[in-house]
$ cat coords.pdb   # PDB, C-alpha atoms and all ligand atoms
MODEL        1
ATOM      1  CA  MET Z   1       0.000   0.000   0.000
ATOM      2  CA  GLU Z   2       1.350   3.360  -1.003
ATOM      3  CA  ARG Z   3       1.692   6.020   1.655
ATOM      4  CA  ARG Z   4      -0.853   8.177  -0.157
ATOM      5  CA  ASP Z   5      -3.376   5.282  -0.180
ATOM      6  CA  PHE Z   6      -2.714   4.600   3.511
ATOM      7  CA  VAL Z   7      -3.394   8.227   4.448
ATOM      8  CA  SER Z   8      -6.512   8.238   2.290
ATOM      9  CA  ASN Z   9      -7.811   5.065   3.968
ATOM     10  CA  ILE Z  10      -7.181   6.503   7.449
ATOM     11  CA  GLY Z  11      -9.055   9.663   6.486
ATOM     12  CA  MET Z  12     -12.047   7.657   5.239
ATOM     13  CA  THR Z  13     -12.064   5.533   8.406
ATOM     14  CA  LEU Z  14     -12.057   8.624  10.633
ATOM     15  CA  ALA Z  15     -14.839  10.216   8.599
ATOM     16  CA  LEU Z  16     -17.014   7.102   8.961
ATOM     17  CA  ALA Z  17     -16.300   6.930  12.702
ATOM     18  CA  CYS Z  18     -17.389  10.549  13.125
ATOM     19  CA  VAL Z  19     -20.608   9.999  11.184
ATOM     20  CA  GLY Z  20     -21.331   6.870  13.237
ATOM     21  CA  GLY Z  21     -20.667   8.740  16.455
ATOM     22  CA  LEU Z  22     -23.052  11.519  15.520
ATOM     23  CA  ALA Z  23     -25.745   9.019  14.587
ATOM     24  CA  ALA Z  24     -25.313   7.261  17.924
ATOM     25  CA  CYS Z  25     -25.828  10.545  19.737
ATOM     26  CA  SER Z  26     -28.855  11.633  17.770
ATOM     27  CA  LYS Z  27     -31.426   9.935  20.067
ATOM     28  CA  GLY Z  28     -31.617  10.920  23.678
ATOM     29  CA  GLY Z  29     -28.004  11.897  24.231
ATOM     30  CA  GLY Z  30     -27.250  14.988  22.246
ATOM     31  CA  GLY Z  31     -30.247  17.167  22.857
ATOM     32  CA  TYR Z  32     -30.221  18.484  19.302
ATOM     33  CA  ASP Z  33     -32.742  16.010  17.885
ATOM     34  CA  SER Z  34     -35.949  17.973  17.518
ATOM     35  CA  SER Z  35     -38.107  15.034  16.384
ATOM     36  CA  PRO Z  36     -41.073  14.349  18.696
ATOM     37  CA  ASP Z  37     -40.829  11.587  21.266
ATOM     38  CA  PRO Z  38     -42.488   8.500  19.738
ATOM     39  CA  THR Z  39     -44.175   7.590  23.054
ATOM     40  CA  PRO Z  40     -46.909  10.060  24.009
ATOM     41  CA  GLY Z  41     -46.315  11.140  27.577
ATOM     42  CA  GLY Z  42     -42.663  10.129  27.461
ATOM     43  CA  PRO Z  43     -40.731   6.893  27.651
ATOM     44  CA  ASN Z  44     -41.730   6.189  31.284
ATOM     45  CA  ALA Z  45     -45.455   6.432  30.651
ATOM     46  CA  LYS Z  46     -47.457   3.315  31.469
ATOM     47  CA  LEU Z  47     -50.458   4.741  29.682
ATOM     48  CA  SER Z  48     -51.297   7.951  27.886
ATOM     49  CA  VAL Z  49     -54.695   9.142  26.665
ATOM     50  CA  ASN Z  50     -56.020  12.106  24.723
ATOM     51  CA  LEU Z  51     -58.585  13.901  26.848
ATOM     52  CA  GLY Z  52     -60.005  15.484  23.716
ATOM     53  CA  SER Z  53     -61.316  12.098  22.587
ATOM     54  CA  ASP Z  54     -60.747   9.387  25.236
ATOM     55  CA  LEU Z  55     -62.811   8.803  28.419
ATOM     56  CA  PRO Z  56     -65.215  11.701  27.820
ATOM     57  CA  ASN Z  57     -67.679  10.905  30.630
ATOM     58  CA  PRO Z  58     -67.431  10.127  34.356
ATOM     59  CA  GLY Z  59     -67.471   6.358  34.736
ATOM     60  CA  ASP Z  60     -65.604   5.747  31.489
ATOM     61  CA  PHE Z  61     -62.565   3.560  31.953
ATOM     62  CA  LYS Z  62     -59.725   1.990  30.041
ATOM     63  CA  ILE Z  63     -57.677  -1.102  30.881
ATOM     64  CA  ALA Z  64     -54.325  -1.294  29.085
ATOM     65  CA  ASN Z  65     -50.643  -1.839  29.804
ATOM     66  CA  GLY Z  66     -51.304  -3.095  33.340
ATOM     67  CA  VAL Z  67     -53.336  -0.004  34.258
ATOM     68  CA  ILE Z  68     -57.014   0.678  34.858
ATOM     69  CA  LEU Z  69     -57.686   4.366  34.275
ATOM     70  CA  ILE Z  70     -61.103   5.623  35.385
ATOM     71  CA  ARG Z  71     -62.680   9.020  34.847
ATOM     72  CA  THR Z  72     -64.187   9.944  38.211
ATOM     73  CA  GLY Z  73     -64.976  13.612  37.591
ATOM     74  CA  THR Z  74     -65.984  16.016  34.868
ATOM     75  CA  GLY Z  75     -62.840  18.143  34.751
ATOM     76  CA  LYS Z  76     -59.507  17.671  33.068
ATOM     77  CA  THR Z  77     -57.264  17.520  36.112
ATOM     78  CA  ALA Z  78     -55.506  14.583  37.747
ATOM     79  CA  ALA Z  79     -58.130  14.690  40.518
ATOM     80  CA  ASP Z  80     -60.809  13.791  37.964
ATOM     81  CA  PHE Z  81     -59.219  10.398  37.308
ATOM     82  CA  ALA Z  82     -57.990   7.309  39.131
ATOM     83  CA  ALA Z  83     -55.103   5.215  37.834
ATOM     84  CA  LEU Z  84     -54.405   1.875  39.461
ATOM     85  CA  SER Z  85     -52.685  -1.372  38.682
ATOM     86  CA  SER Z  86     -55.096  -3.615  36.779
ATOM     87  CA  THR Z  87     -53.533  -6.706  38.348
ATOM     88  CA  CYS Z  88     -55.757  -8.108  41.084
ATOM     89  CA  THR Z  89     -53.844  -8.660  44.307
ATOM     90  CA  HIS Z  90     -55.665 -11.932  44.979
ATOM     91  CA  GLN Z  91     -54.192 -14.210  42.310
ATOM     92  CA  GLY Z  92     -52.979 -11.812  39.645
ATOM     93  CA  CYS Z  93     -55.873 -11.760  37.195
ATOM     94  CA  THR Z  94     -56.471  -8.583  35.235
ATOM     95  CA  VAL Z  95     -59.487  -6.820  36.689
ATOM     96  CA  ALA Z  96     -62.478  -7.070  34.381
ATOM     97  CA  THR Z  97     -64.363  -3.809  34.614
ATOM     98  CA  PHE Z  98     -65.352  -0.668  36.466
ATOM     99  CA  ASN Z  99     -68.981  -0.691  37.577
ATOM    100  CA  ASN Z 100     -70.183   2.911  37.376
ATOM    101  CA  THR Z 101     -73.297   2.120  39.426
ATOM    102  CA  THR Z 102     -71.463   0.711  42.425
ATOM    103  CA  LYS Z 103     -68.289   2.765  41.690
ATOM    104  CA  LEU Z 104     -66.232  -0.385  42.221
ATOM    105  CA  ILE Z 105     -63.545  -2.103  40.179
ATOM    106  CA  GLU Z 106     -64.519  -5.739  39.677
ATOM    107  CA  CYS Z 107     -62.352  -8.825  39.282
ATOM    108  CA  ASN Z 108     -64.785 -11.273  37.767
ATOM    109  CA  ALA Z 109     -64.895 -14.736  36.200
ATOM    110  CA  PRO Z 110     -63.554 -16.459  34.203
ATOM    111  CA  CYS Z 111     -60.248 -15.639  35.888
ATOM    112  CA  GLY Z 112     -61.214 -13.517  38.884
ATOM    113  CA  HIS Z 113     -63.056 -14.577  42.011
ATOM    114  CA  GLY Z 114     -65.217 -11.579  42.765
ATOM    115  CA  SER Z 115     -62.923  -9.125  44.512
ATOM    116  CA  ARG Z 116     -64.027  -5.491  44.449
ATOM    117  CA  TYR Z 117     -61.904  -2.369  44.854
ATOM    118  CA  SER Z 118     -62.754   1.285  45.304
ATOM    119  CA  THR Z 119     -61.282   3.917  42.964
ATOM    120  CA  SER Z 120     -58.593   4.567  45.597
ATOM    121  CA  GLY Z 121     -57.518   0.934  45.191
ATOM    122  CA  ALA Z 122     -58.751  -0.140  48.636
ATOM    123  CA  VAL Z 123     -60.321  -3.587  48.940
ATOM    124  CA  ASN Z 124     -64.097  -3.417  49.219
ATOM    125  CA  THR Z 125     -64.804  -7.131  48.911
ATOM    126  CA  GLY Z 126     -62.428 -10.109  49.064
ATOM    127  CA  PRO Z 127     -61.001 -12.604  48.635
ATOM    128  CA  ALA Z 128     -58.300 -10.007  47.865
ATOM    129  CA  THR Z 129     -56.823  -8.509  51.016
ATOM    130  CA  ALA Z 130     -54.288  -6.017  49.612
ATOM    131  CA  PRO Z 131     -55.103  -2.818  47.711
ATOM    132  CA  LEU Z 132     -54.399  -2.146  44.057
ATOM    133  CA  THR Z 133     -51.269  -0.069  43.511
ATOM    134  CA  ALA Z 134     -52.069   3.559  42.725
ATOM    135  CA  TYR Z 135     -50.141   5.314  39.964
ATOM    136  CA  THR Z 136     -49.331   8.967  39.351
ATOM    137  CA  ILE Z 137     -51.430  10.952  36.898
ATOM    138  CA  THR Z 138     -50.252  14.101  35.165
ATOM    139  CA  VAL Z 139     -52.235  16.222  32.746
ATOM    140  CA  SER Z 140     -50.627  18.500  30.190
ATOM    141  CA  GLY Z 141     -53.059  20.124  27.800
ATOM    142  CA  ASN Z 142     -55.206  17.327  26.424
ATOM    143  CA  THR Z 143     -52.690  14.592  27.270
ATOM    144  CA  LEU Z 144     -53.137  12.552  30.431
ATOM    145  CA  THR Z 145     -50.172  10.407  31.361
ATOM    146  CA  VAL Z 146     -49.964   7.622  33.925
ATOM    147  CA  THR Z 147     -46.540   6.840  35.367
TER     148      THR Z 147
HETATM  149  S1  LIG R   1     -57.714 -12.956  41.037
HETATM  150 FE1  LIG R   1     -59.057 -11.301  41.411
HETATM  151  S2  LIG R   1     -60.453 -12.108  42.843
HETATM  152 FE2  LIG R   1     -59.080 -13.762  42.518
ENDMDL
END
$ encode --input "coords.pdb" --output "structure tokens"
Amino acid sequence: MERRDFVSNIGMTLALACVGGLAACSKGGGGYDSSPDPTPGGPNAKLSVNLGSDLPNPGDFKIANGVILIRTGTGKTAADFAALSSTCTHQGCTVATFNNTTKLIECNAPCGHGSRYSTSGAVNTGPATAPLTAYTITVSGNTLTVT
């Protein structure tokens, strides 16, 4: 290899390493990537909903990603919602529904055994004896995020 070819190859290698390094820094590390975060509510969000279209009425609920999110009020603040683990503390079934008449979360057949929880997560009716884990709710504009 001629000296000129060697120097040319080194230059190309360094240029590729720099481009690779910039690409590696373009997500989450450099701060100069202006593309929107692909996960609404951020990467730590368990669940995110659009309050302009989702859960419009008190009593509406959504079960997803290990969370039961219930609209308990008419406003658009965190206090108008309850976010709890959807995993029943009895034997780990996913709770089935929110009963807007009784205001209780129900863990029903075929998997569940009839436990009931209030919107705070407290046990209303066993066999479960431990409460559902409560999660944090934040509201920013029309986006509600559970973390
Ligand atoms: S798993 Fe929910 S009541 Fe048994």
$ resolve_selection --input "coords.pdb" --expression "the PyMOL selection byres (((not hetatm)) within 6 of (chain R and resi 1))" --output "JSON, numbers by chain"
{"Z": [88, 90, 91, 92, 93, 107, 112, 113, 114, 115, 127, 128]}
$ residues_around --input "coords.pdb" --residues "Gly66 of chain Z" --least-positions-apart "2" --cutoff "9 Å" --atoms "only C-alpha atoms" --output "PyMOL selection string"
chain Z and resi 46-47+63-64+68+84-87+94
$ resolve_selection --input "coords.pdb" --expression "the PyMOL selection byres (((chain Z and resi 145) around 6) and not hetatm)" --output "ChimeraX atom specification"
/Z:41,47-48,137-138,144,146
$ residues_around --input "coords.pdb" --residues "Asn100 of chain Z" --least-positions-apart "6" --cutoff "12 Å" --atoms "all atoms listed in the file" --output "PyMOL selection string"
chain Z and resi 57-61+70-73+106+118-119
$ resolve_selection --input "coords.pdb" --expression "the PyMOL selection byres (((chain Z and resi 142) around 7) and not hetatm)" --output "PyMOL selection string"
chain Z and resi 50-52+140-141+143-144
$ atom_distance --input "coords.pdb" --atom1 "atom CA of Pro43 of chain Z" --atom2 "atom CA of Tyr117 of chain Z"
28.8 Å
$ atom_distance --input "coords.pdb" --atom1 "atom CA of Leu55 of chain Z" --atom2 "atom CA of Ala122 of chain Z"
22.5 Å
$ closest_residue --input "coords.pdb" --among "Z:Val67, Z:Val139, Z:Ile105, Z:Cys111" --to "Asn124 of chain Z" --atoms "all atoms listed in the file"
Z:Ile105
$ residues_around --input "coords.pdb" --residues "Ser120 of chain Z" --least-positions-apart "4" --cutoff "10 Å" --atoms "only C-alpha atoms" --output "ChimeraX atom specification"
/Z:82-84,104-105,131-134
$ write_last_selection --input "coords.pdb" --atoms "C-alpha atoms" --output "PDB file, in the frame of the given file"
ATOM      1  CA  ALA Z  82     -57.990   7.309  39.131  1.00  0.00           C
ATOM      2  CA  ALA Z  83     -55.103   5.215  37.834  1.00  0.00           C
ATOM      3  CA  LEU Z  84     -54.405   1.875  39.461  1.00  0.00           C
ATOM      4  CA  LEU Z 104     -66.232  -0.385  42.221  1.00  0.00           C
ATOM      5  CA  ILE Z 105     -63.545  -2.103  40.179  1.00  0.00           C
ATOM      6  CA  PRO Z 131     -55.103  -2.818  47.711  1.00  0.00           C
ATOM      7  CA  LEU Z 132     -54.399  -2.146  44.057  1.00  0.00           C
ATOM      8  CA  THR Z 133     -51.269  -0.069  43.511  1.00  0.00           C
ATOM      9  CA  ALA Z 134     -52.069   3.559  42.725  1.00  0.00           C
TER      10      ALA Z 134
END
$ atom_distance --input "coords.pdb" --atom1 "atom CA of Gly75 of chain Z" --atom2 "atom CA of Thr125 of chain Z"
29.0 Å
$ closest_residue --input "coords.pdb" --among "Z:Thr89, Z:Thr147, Z:Thr74, Z:Asn65" --to "Ala130 of chain Z" --atoms "only C-alpha atoms"
Z:Thr89
$ closest_residue --input "coords.pdb" --among "Z:Gly126, Z:Gly121, Z:Asn44, Z:Leu69" --to "Asn108 of chain Z" --atoms "only C-alpha atoms"
Z:Gly126
$ build_atoms --input "coords.pdb" --residues "segment 56-67 of chain Z" --atoms "all heavy atoms" --output "PDB file, in the frame of the given file"
ATOM      1  N   PRO Z  56     -64.540  10.401  27.752  1.00  0.00           N
ATOM      2  CA  PRO Z  56     -65.215  11.701  27.820  1.00  0.00           C
ATOM      3  C   PRO Z  56     -66.149  11.877  29.016  1.00  0.00           C
ATOM      4  O   PRO Z  56     -66.402  13.016  29.424  1.00  0.00           O
ATOM      5  CB  PRO Z  56     -65.998  11.772  26.509  1.00  0.00           C
ATOM      6  CG  PRO Z  56     -66.228  10.342  26.143  1.00  0.00           C
ATOM      7  CD  PRO Z  56     -65.013   9.594  26.625  1.00  0.00           C
ATOM      8  N   ASN Z  57     -66.651  10.776  29.589  1.00  0.00           N
ATOM      9  CA  ASN Z  57     -67.679  10.905  30.630  1.00  0.00           C
ATOM     10  C   ASN Z  57     -67.252  10.241  31.939  1.00  0.00           C
ATOM     11  O   ASN Z  57     -66.573   9.217  31.932  1.00  0.00           O
ATOM     12  CB  ASN Z  57     -68.972  10.241  30.154  1.00  0.00           C
ATOM     13  CG  ASN Z  57     -69.481  10.837  28.871  1.00  0.00           C
ATOM     14  OD1 ASN Z  57     -69.656  12.052  28.770  1.00  0.00           O
ATOM     15  ND2 ASN Z  57     -69.670  10.003  27.862  1.00  0.00           N
ATOM     16  N   PRO Z  58     -67.696  10.794  33.072  1.00  0.00           N
ATOM     17  CA  PRO Z  58     -67.431  10.127  34.356  1.00  0.00           C
ATOM     18  C   PRO Z  58     -67.946   8.688  34.306  1.00  0.00           C
ATOM     19  O   PRO Z  58     -69.047   8.433  33.814  1.00  0.00           O
ATOM     20  CB  PRO Z  58     -68.214  10.966  35.358  1.00  0.00           C
ATOM     21  CG  PRO Z  58     -68.283  12.323  34.733  1.00  0.00           C
ATOM     22  CD  PRO Z  58     -68.414  12.061  33.252  1.00  0.00           C
ATOM     23  N   GLY Z  59     -67.123   7.774  34.784  1.00  0.00           N
ATOM     24  CA  GLY Z  59     -67.471   6.358  34.736  1.00  0.00           C
ATOM     25  C   GLY Z  59     -66.797   5.633  33.585  1.00  0.00           C
ATOM     26  O   GLY Z  59     -66.709   4.405  33.594  1.00  0.00           O
ATOM     27  N   ASP Z  60     -66.336   6.383  32.583  1.00  0.00           N
ATOM     28  CA  ASP Z  60     -65.604   5.747  31.489  1.00  0.00           C
ATOM     29  C   ASP Z  60     -64.285   5.227  32.034  1.00  0.00           C
ATOM     30  O   ASP Z  60     -63.674   5.831  32.931  1.00  0.00           O
ATOM     31  CB  ASP Z  60     -65.328   6.746  30.365  1.00  0.00           C
ATOM     32  CG  ASP Z  60     -66.582   7.117  29.588  1.00  0.00           C
ATOM     33  OD1 ASP Z  60     -67.611   6.442  29.772  1.00  0.00           O
ATOM     34  OD2 ASP Z  60     -66.523   8.101  28.830  1.00  0.00           O
ATOM     35  N   PHE Z  61     -63.831   4.121  31.498  1.00  0.00           N
ATOM     36  CA  PHE Z  61     -62.565   3.560  31.953  1.00  0.00           C
ATOM     37  C   PHE Z  61     -61.840   2.884  30.809  1.00  0.00           C
ATOM     38  O   PHE Z  61     -62.434   2.582  29.768  1.00  0.00           O
ATOM     39  CB  PHE Z  61     -62.782   2.571  33.103  1.00  0.00           C
ATOM     40  CG  PHE Z  61     -63.462   1.297  32.679  1.00  0.00           C
ATOM     41  CD1 PHE Z  61     -62.722   0.165  32.360  1.00  0.00           C
ATOM     42  CD2 PHE Z  61     -64.850   1.225  32.575  1.00  0.00           C
ATOM     43  CE1 PHE Z  61     -63.353  -1.004  31.956  1.00  0.00           C
ATOM     44  CE2 PHE Z  61     -65.484   0.070  32.178  1.00  0.00           C
ATOM     45  CZ  PHE Z  61     -64.743  -1.061  31.864  1.00  0.00           C
ATOM     46  N   LYS Z  62     -60.560   2.660  31.036  1.00  0.00           N
ATOM     47  CA  LYS Z  62     -59.725   1.990  30.041  1.00  0.00           C
ATOM     48  C   LYS Z  62     -58.770   1.076  30.789  1.00  0.00           C
ATOM     49  O   LYS Z  62     -58.180   1.488  31.794  1.00  0.00           O
ATOM     50  CB  LYS Z  62     -58.943   3.032  29.241  1.00  0.00           C
ATOM     51  CG  LYS Z  62     -58.036   2.465  28.190  1.00  0.00           C
ATOM     52  CD  LYS Z  62     -57.436   3.589  27.350  1.00  0.00           C
ATOM     53  CE  LYS Z  62     -56.675   2.992  26.176  1.00  0.00           C
ATOM     54  NZ  LYS Z  62     -56.380   3.983  25.152  1.00  0.00           N
ATOM     55  N   ILE Z  63     -58.636  -0.154  30.310  1.00  0.00           N
ATOM     56  CA  ILE Z  63     -57.677  -1.102  30.881  1.00  0.00           C
ATOM     57  C   ILE Z  63     -56.658  -1.407  29.798  1.00  0.00           C
ATOM     58  O   ILE Z  63     -57.008  -1.926  28.727  1.00  0.00           O
ATOM     59  CB  ILE Z  63     -58.368  -2.402  31.348  1.00  0.00           C
ATOM     60  CG1 ILE Z  63     -59.391  -2.099  32.440  1.00  0.00           C
ATOM     61  CG2 ILE Z  63     -57.333  -3.399  31.859  1.00  0.00           C
ATOM     62  CD1 ILE Z  63     -60.254  -3.286  32.842  1.00  0.00           C
ATOM     63  N   ALA Z  64     -55.403  -1.053  30.051  1.00  0.00           N
ATOM     64  CA  ALA Z  64     -54.325  -1.294  29.085  1.00  0.00           C
ATOM     65  C   ALA Z  64     -52.992  -1.177  29.796  1.00  0.00           C
ATOM     66  O   ALA Z  64     -52.846  -0.415  30.764  1.00  0.00           O
ATOM     67  CB  ALA Z  64     -54.393  -0.281  27.944  1.00  0.00           C
ATOM     68  N   ASN Z  65     -52.032  -1.932  29.323  1.00  0.00           N
ATOM     69  CA  ASN Z  65     -50.643  -1.839  29.804  1.00  0.00           C
ATOM     70  C   ASN Z  65     -50.527  -2.015  31.318  1.00  0.00           C
ATOM     71  O   ASN Z  65     -49.695  -1.371  31.960  1.00  0.00           O
ATOM     72  CB  ASN Z  65     -50.019  -0.503  29.396  1.00  0.00           C
ATOM     73  CG  ASN Z  65     -50.049  -0.277  27.908  1.00  0.00           C
ATOM     74  OD1 ASN Z  65     -50.138  -1.223  27.133  1.00  0.00           O
ATOM     75  ND2 ASN Z  65     -49.992   0.968  27.499  1.00  0.00           N
ATOM     76  N   GLY Z  66     -51.381  -2.851  31.911  1.00  0.00           N
ATOM     77  CA  GLY Z  66     -51.304  -3.095  33.340  1.00  0.00           C
ATOM     78  C   GLY Z  66     -51.936  -2.017  34.187  1.00  0.00           C
ATOM     79  O   GLY Z  66     -51.731  -1.970  35.403  1.00  0.00           O
ATOM     80  N   VAL Z  67     -52.724  -1.137  33.557  1.00  0.00           N
ATOM     81  CA  VAL Z  67     -53.336  -0.004  34.258  1.00  0.00           C
ATOM     82  C   VAL Z  67     -54.838  -0.021  34.023  1.00  0.00           C
ATOM     83  O   VAL Z  67     -55.297  -0.325  32.918  1.00  0.00           O
ATOM     84  CB  VAL Z  67     -52.765   1.339  33.723  1.00  0.00           C
ATOM     85  CG1 VAL Z  67     -53.482   2.524  34.353  1.00  0.00           C
ATOM     86  CG2 VAL Z  67     -51.269   1.418  33.955  1.00  0.00           C
TER      87      VAL Z  67
END
